[in-house]
Every structure is written in C-alpha cells, then in structure tokens.
file work_37.csv (CSV, C-alpha atoms and all ligand atoms)
chain,number,residue,atom,x,y,z
A,523,MET,CA,-0.9,-12.7,11.4
A,524,LYS,CA,2.2,-14.8,11.5
A,525,THR,CA,4.4,-13.5,8.6
A,526,ALA,CA,7.6,-14.7,7.0
A,527,ILE,CA,9.7,-12.4,4.8
A,528,ILE,CA,12.0,-14.7,2.8
A,529,TYR,CA,14.7,-13.2,0.6
A,530,THR,CA,17.8,-13.9,-1.5
A,531,THR,CA,20.4,-11.2,-2.0
A,532,THR,CA,23.8,-10.9,-3.6
A,533,TYR,CA,25.0,-7.5,-2.3
A,534,GLY,CA,22.5,-6.7,0.4
A,535,THR,CA,19.8,-4.5,-1.3
A,536,THR,CA,17.1,-7.1,-1.0
A,537,GLU,CA,18.0,-7.7,2.6
A,538,LYS,CA,17.6,-3.9,3.3
A,539,VAL,CA,14.2,-3.9,1.6
A,540,ALA,CA,13.1,-7.1,3.5
A,541,ASN,CA,14.0,-5.4,6.8
A,542,TYR,CA,12.3,-2.2,5.8
A,543,ILE,CA,9.1,-4.2,5.1
A,544,ALA,CA,9.4,-5.9,8.5
A,545,GLU,CA,9.7,-2.6,10.3
A,546,LYS,CA,6.7,-1.1,8.4
A,547,LEU,CA,4.2,-4.0,8.6
A,548,HIS,CA,1.6,-3.6,11.3
A,549,TYR,CA,1.9,-7.2,12.3
A,550,LYS,CA,4.0,-8.2,15.4
A,551,ASN,CA,4.9,-11.8,14.6
A,552,ILE,CA,7.4,-11.5,11.7
A,553,ASP,CA,10.4,-13.6,10.8
A,554,VAL,CA,12.9,-12.3,8.2
A,555,VAL,CA,14.8,-15.2,6.6
A,556,GLU,CA,17.8,-15.2,4.3
A,557,LEU,CA,17.0,-18.2,2.1
A,558,LYS,CA,20.6,-19.1,1.2
A,559,HIS,CA,21.3,-20.4,4.7
A,560,ASN,CA,17.8,-21.8,5.2
A,561,THR,CA,16.9,-23.5,1.9
A,562,ASP,CA,14.6,-26.0,3.8
A,563,PHE,CA,12.7,-23.2,5.5
A,564,ASP,CA,9.1,-24.4,6.4
A,565,VAL,CA,6.4,-21.9,5.5
A,566,SER,CA,3.5,-24.0,6.7
A,567,PRO,CA,3.1,-22.2,10.1
A,568,TYR,CA,2.8,-18.8,8.4
A,569,ASP,CA,-0.4,-16.9,7.3
A,570,ILE,CA,1.5,-14.4,5.2
A,571,VAL,CA,4.6,-15.1,3.1
A,572,ILE,CA,6.5,-12.4,1.4
A,573,LEU,CA,9.2,-13.5,-1.1
A,574,GLY,CA,11.9,-11.1,-2.3
A,575,ALA,CA,14.9,-11.5,-4.7
A,576,SER,CA,17.1,-9.4,-7.0
A,577,VAL,CA,17.6,-9.5,-10.8
A,578,TYR,CA,20.9,-10.2,-12.5
A,579,LEU,CA,20.7,-10.2,-16.3
A,580,GLY,CA,17.0,-10.9,-16.2
A,581,ASP,CA,17.1,-13.8,-13.7
A,582,ILE,CA,16.6,-13.9,-9.9
A,583,GLN,CA,18.8,-16.1,-7.7
A,584,HIS,CA,18.2,-19.8,-8.4
A,585,THR,CA,17.9,-20.5,-4.7
A,586,MET,CA,14.6,-18.5,-4.7
A,587,SER,CA,13.4,-20.0,-8.0
A,588,ASN,CA,14.0,-23.5,-6.7
A,589,PHE,CA,12.4,-22.7,-3.3
A,590,CYS,CA,9.2,-21.5,-5.1
A,591,LYS,CA,9.0,-24.6,-7.3
A,592,ARG,CA,9.6,-27.0,-4.4
A,593,ASN,CA,7.0,-25.2,-2.1
A,594,LEU,CA,4.5,-24.1,-4.7
A,595,GLU,CA,1.6,-26.2,-3.4
A,596,VAL,CA,1.9,-24.8,0.1
A,597,LEU,CA,2.6,-21.3,-1.0
A,598,LEU,CA,-0.6,-21.3,-3.0
A,599,THR,CA,-2.5,-21.7,0.3
A,600,LYS,CA,-0.9,-18.5,1.9
A,601,LYS,CA,-1.4,-14.8,1.6
A,602,ILE,CA,1.4,-13.9,-0.8
A,603,GLY,CA,3.5,-10.8,-1.5
A,604,LEU,CA,6.2,-10.8,-4.2
A,605,PHE,CA,8.9,-8.2,-4.8
A,606,ILE,CA,12.1,-7.9,-6.7
A,607,CYS,CA,15.0,-5.5,-6.7
A,608,GLY,CA,16.5,-4.3,-9.9
A,609,ILE,CA,17.7,-1.1,-11.7
A,610,GLU,CA,15.8,-1.5,-15.0
A,611,PRO,CA,14.4,2.0,-15.6
A,612,GLU,CA,11.7,1.0,-18.2
A,613,LEU,CA,8.3,0.3,-16.6
A,614,VAL,CA,7.3,-2.3,-19.2
A,615,ARG,CA,10.6,-4.2,-18.7
A,616,GLN,CA,10.2,-3.9,-14.9
A,617,ASP,CA,6.8,-5.6,-15.2
A,618,THR,CA,8.3,-8.3,-17.4
A,619,GLU,CA,11.2,-9.0,-15.0
A,620,LEU,CA,8.6,-9.2,-12.1
A,621,GLU,CA,6.4,-11.6,-14.1
A,622,MET,CA,9.2,-13.8,-15.1
A,623,ALA,CA,10.8,-13.9,-11.6
A,624,PHE,CA,8.4,-16.2,-9.9
A,625,PRO,CA,6.2,-19.2,-11.1
A,626,LEU,CA,3.4,-17.7,-13.2
A,627,ASN,CA,0.6,-19.2,-11.0
A,628,LEU,CA,2.2,-17.8,-7.9
A,629,TYR,CA,2.6,-14.4,-9.5
A,630,ASN,CA,-1.1,-14.4,-10.6
A,631,TYR,CA,-2.2,-15.6,-7.1
A,632,ALA,CA,-0.2,-13.0,-5.2
A,633,LEU,CA,-2.1,-10.3,-3.3
A,634,ALA,CA,0.6,-7.7,-4.0
A,635,THR,CA,3.6,-7.6,-6.3
A,636,ALA,CA,6.3,-4.9,-6.7
A,637,PHE,CA,9.4,-3.9,-8.6
A,638,VAL,CA,11.1,-1.8,-5.9
A,639,GLY,CA,14.3,-0.5,-7.6
A,640,GLY,CA,17.8,-1.3,-6.5
A,641,GLU,CA,21.3,-0.2,-5.8
A,642,ILE,CA,24.7,-0.3,-7.4
A,643,ASN,CA,27.9,-0.3,-5.4
A,644,LEU,CA,30.6,-0.4,-8.0
A,645,GLU,CA,33.3,-1.0,-5.5
A,646,ALA,CA,31.7,-4.3,-4.5
A,647,LEU,CA,31.5,-5.7,-8.0
A,648,ASN,CA,34.0,-8.0,-9.7
A,649,ALA,CA,35.6,-7.0,-13.0
A,650,SER,CA,33.0,-8.6,-15.3
A,651,GLN,CA,30.0,-7.3,-13.3
A,652,LYS,CA,31.6,-3.9,-13.2
A,653,PHE,CA,31.9,-4.0,-17.0
A,654,ILE,CA,28.3,-5.1,-17.4
A,655,THR,CA,27.1,-2.4,-15.1
A,656,THR,CA,29.1,0.5,-16.6
A,657,SER,CA,28.9,-0.6,-20.3
A,658,LEU,CA,25.6,-2.4,-20.7
A,659,LEU,CA,23.5,-0.9,-17.9
A,660,GLY,CA,25.0,2.5,-18.3
A,661,ILE,CA,25.7,3.1,-14.6
A,662,LYS,CA,28.9,5.0,-14.1
A,663,GLU,CA,28.7,5.7,-10.3
A,664,SER,CA,27.5,3.9,-7.2
A,665,ALA,CA,23.9,4.9,-6.6
A,666,SER,CA,20.6,3.9,-4.9
A,667,PHE,CA,17.4,3.7,-6.9
A,668,ILE,CA,15.3,2.1,-4.2
A,669,GLN,CA,11.7,3.3,-4.5
A,670,TYR,CA,10.5,3.5,-0.9
A,671,ASP,CA,7.1,5.0,-2.0
A,672,LEU,CA,6.5,1.8,-4.1
A,673,ILE,CA,7.5,-0.4,-1.1
A,674,ASP,CA,5.0,1.5,1.0
A,675,ILE,CA,2.2,0.9,-1.5
A,676,PHE,CA,3.1,-2.8,-1.7
A,677,ILE,CA,2.9,-3.0,2.1
A,678,ASN,CA,-0.5,-1.3,2.2
A,679,GLN,CA,-1.9,-3.4,-0.6
A,680,LEU,CA,-0.8,-6.6,1.2
A,681,GLN,CA,-2.2,-5.5,4.5
A,682,ILE,CA,-5.6,-4.4,3.1
A,683,ALA,CA,-5.9,-7.6,1.0
A,684,SER,CA,-5.0,-9.7,4.1
A,685,GLU,CA,-7.7,-8.4,6.3
B,1,LIG,C1,26.1,-7.7,-13.3
B,1,LIG,C2,24.7,-7.1,-12.9
B,1,LIG,C3,23.6,-7.4,-13.7
B,1,LIG,C4,22.4,-6.8,-13.4
B,1,LIG,N1,21.3,-7.1,-14.2
B,1,LIG,C5,20.1,-6.5,-13.9
B,1,LIG,C6,18.9,-6.8,-14.8
B,1,LIG,O1,19.0,-7.6,-15.7
B,1,LIG,N2,17.8,-6.2,-14.5
B,1,LIG,C7,17.7,-5.3,-13.4
B,1,LIG,O2,16.6,-4.7,-13.2
B,1,LIG,N3,18.7,-5.0,-12.6
B,1,LIG,C8,19.9,-5.6,-12.8
B,1,LIG,N4,21.0,-5.4,-12.0
B,1,LIG,C9,20.8,-4.6,-10.8
B,1,LIG,C10,20.6,-5.4,-9.5
B,1,LIG,O3,19.4,-6.1,-9.5
B,1,LIG,C11,20.6,-4.4,-8.3
B,1,LIG,O4,22.0,-4.0,-8.1
B,1,LIG,C12,20.1,-4.9,-7.0
B,1,LIG,O5,20.0,-3.9,-6.1
B,1,LIG,C13,20.9,-6.1,-6.4
B,1,LIG,O6,20.3,-6.5,-5.2
B,1,LIG,P1,21.0,-7.4,-4.2
B,1,LIG,O7,22.2,-6.7,-3.6
B,1,LIG,O8,20.0,-7.8,-3.2
B,1,LIG,O9,21.5,-8.7,-4.9
B,1,LIG,C14,22.2,-6.0,-12.2
B,1,LIG,C15,23.3,-5.7,-11.5
B,1,LIG,C16,24.6,-6.2,-11.8
B,1,LIG,C17,25.8,-5.9,-10.9
call {"tool": "encode", "arguments": {"input": "work_37.csv", "output": "structure tokens"}}
result
Amino acid sequence: MKTAIIYTTTYGTTEKVANYIAEKLHYKNIDVVELKHNTDFDVSPYDIVILGASVYLGDIQHTMSNFCKRNLEVLLTKKIGLFICGIEPELVRQDTELEMAFPLNLYNYALATAFVGGEINLEALNASQKFITTSLLGIKESASFIQYDLIDIFINQLQIASE
C-alpha cells in the first residue's frame, strides 16, 4: 500500500513521531513529508494518508488545517490515520483537542486517530512560550511525554482496518 505520512511540526516532536510510524508500518512504499515546505503535496497517488500535527494553545498549525480543507474531497477517498502531539494530561481534553484538530467529517471518517503525547524542550522556547509552558501548563523542566504504546496501537489499528 502506497503510504504518505504528512506532518507539521514546530520543534520536531511530530517529525520524530512521523518517522517512528514510518519505521514501524509493515508497508514498504512510504513517503514522509514535512508539509511546510510542500504545501501543494499531491495525495492522489496514495492508498493510505496519515496526517500528524502538534497543538499550541488548542490549535494545530494552520498549514495542516488549510491543507485538510483544500484536499478534503480527495482525502475522503483514502484510508486515513490522524494523530496529534500535545502535553495535555487530561484524557477528555486530549479527545477534544484531537476532535477539534481536523475537519469533523475527516475525523469521523478516519480509520485510526490518536493523541500521542509530546515533548517540552524549555531551552528551545522563546520568552512568551516559556512563560506559558512554566506558568500555564505547569511544566518546569524539559521532558518527553511521548506515548509510544499509543502510537503502536494507532499503527496496528490502521493496518488492520486497511487490510
Ligand atoms: C507555548 C506552548 C503552548 C502549548 N499548548 C498546548 C496545548 O494547548 N495543548 C497541548 O496538548 N499541548 C500544548 N503544548 C505542547 C506541544 O504540543 C508539545 O510541546 C509538542 O510536543 C510540540 O510538538 P512539535 O515540536 O512537533 O511542534 C504547548 C507547547 C507550548 C510550547
């Protein structure tokens, strides 16, 4: 199955997850694409399309939102997996962030969806982001909260549903 893993990232976590998924998928023909430099990427040749983005103050990168809107019709003909990176600890809020991240009909149509956790590298953030992270999000040290077990479940779900 020809597969595209298309992602947006600000500090590299979503790229890390996209590459992890590419390594773990059983398929051979996989392209991993950073959307920011390929906004006109053509998904039509692919059987499976996995879209990944990260959440900042409740929103994913606009490059991904706009791509989904522009390509909605063709995306709704593909086998779809959707994931987001974020550090929200509450399950209900994680679900809400995931549901709000992509167009609702794409979210409902997807074969697999996942909130896979995230990372904070305080040294990489600018002053206002650092303030938000330490004061509002309560993260005082750089840390990784990537949930590889959830990524593995996401991969399995997508593969089983695609067969
Ligand atoms: C300023 C700031 C705001 C953030 N807001 C949220 C948020 O609203 N919800 C959430 O789950 N994670 C939030 N995060 C965590 C990021 O989604 C997390 O760091 C993620 O790993 C970033 O992935 P990226 O490097 O691929 O952009 C925030 C992080 C920063 C620095």
call {"tool": "residues_near_ligand", "arguments": {"input": "work_37.csv", "ligand": "ligand LIG 1 (chain B)", "cutoff": "7 Å", "atoms": "only C-alpha atoms and all ligand atoms", "output": "ChimeraX atom specification"}}
result
/A:530-537,575-581,607-610,616,639-642,647,651-652,654-655
call {"tool": "residues_around", "arguments": {"input": "work_37.csv", "residues": "Ser664 of chain A", "least_positions_apart": "3", "cutoff": "10 Å", "atoms": "only C-alpha atoms", "output": "ChimeraX atom specification"}}
result
/A:641-646,661
call {"tool": "residues_around", "arguments": {"input": "work_37.csv", "residues": "Ser566 of chain A", "least_positions_apart": "4", "cutoff": "10 Å", "atoms": "only C-alpha atoms", "output": "list of chain:residue names"}}
result
A:Ile570, A:Val571, A:Asn593, A:Val596, A:Leu597, A:Thr599, A:Lys600
call {"tool": "atom_distance", "arguments": {"input": "work_37.csv", "atom1": "atom CA of Val554 of chain A", "atom2": "atom CA of Ser587 of chain A"}}
result
17.9 Å
call {"tool": "atom_distance", "arguments": {"input": "work_37.csv", "atom1": "atom CA of Val614 of chain A", "atom2": "atom CA of Gln669 of chain A"}}
result
16.3 Å
call {"tool": "residues_around", "arguments": {"input": "work_37.csv", "residues": "Thr525 of chain A", "least_positions_apart": "6", "cutoff": "9 Å", "atoms": "all atoms listed in the file", "output": "count of residues only"}}
result
12
call {"tool": "closest_residue", "arguments": {"input": "work_37.csv", "among": "A:Leu626, A:Ile673, A:Leu659, A:Phe589", "to": "Glu612 of chain A", "atoms": "only C-alpha atoms"}}
result
A:Leu659
call {"tool": "atom_distance", "arguments": {"input": "work_37.csv", "atom1": "atom CA of Leu620 of chain A", "atom2": "atom CA of Ala544 of chain A"}}
result
20.9 Å
call {"tool": "axis_aligned_box", "arguments": {"input": "work_37.csv", "around": "segment 621-628 of chain A", "padding_each_side": "3 Å", "output": "AutoDock Vina command-line options"}}
result
--center_x 5.7 --center_y -15.4 --center_z -11.5 --size_x 16.2 --size_y 13.6 --size_z 13.2
call {"tool": "residues_around", "arguments": {"input": "work_37.csv", "residues": "Gly603 of chain A", "least_positions_apart": "3", "cutoff": "6 Å", "atoms": "all atoms listed in the file", "output": "count of residues only"}}
result
5
call {"tool": "closest_residue", "arguments": {"input": "work_37.csv", "among": "A:Ile528, A:Asn588, A:Asp617, A:Val539", "to": "Asp671 of chain A", "atoms": "only C-alpha atoms"}}
result
A:Val539
call {"tool": "residues_around", "arguments": {"input": "work_37.csv", "residues": "Asp674 of chain A", "least_positions_apart": "5", "cutoff": "10 Å", "atoms": "only C-alpha atoms", "output": "list in words"}}
result
Tyr542, Ile543, Lys546, Leu547, Val638, Gln669, Gln679 and Leu680 of chain A
call {"tool": "residues_near_point", "arguments": {"input": "work_37.csv", "point": "(13.0, -25.0, 2.4)", "cutoff": "10 Å", "atoms": "only C-alpha atoms", "output": "PyMOL selection string"}}
result
chain A and resi 557-565+585-586+588-590+592-593
call {"tool": "write_last_selection", "arguments": {"input": "work_37.csv", "atoms": "C-alpha atoms", "output": "compact mmCIF listing (two decimals), in the coordinates of the input"}}
result
# COMPACT_ATOMS: atom_id res chain seq x y z
CA LEU A 557 17.00 -18.20 2.10
CA LYS A 558 20.60 -19.10 1.20
CA HIS A 559 21.30 -20.40 4.70
CA ASN A 560 17.80 -21.80 5.20
CA THR A 561 16.90 -23.50 1.90
CA ASP A 562 14.60 -26.00 3.80
CA PHE A 563 12.70 -23.20 5.50
CA ASP A 564 9.10 -24.40 6.40
CA VAL A 565 6.40 -21.90 5.50
CA THR A 585 17.90 -20.50 -4.70
CA MET A 586 14.60 -18.50 -4.70
CA ASN A 588 14.00 -23.50 -6.70
CA PHE A 589 12.40 -22.70 -3.30
CA CYS A 590 9.20 -21.50 -5.10
CA ARG A 592 9.60 -27.00 -4.40
CA ASN A 593 7.00 -25.20 -2.10
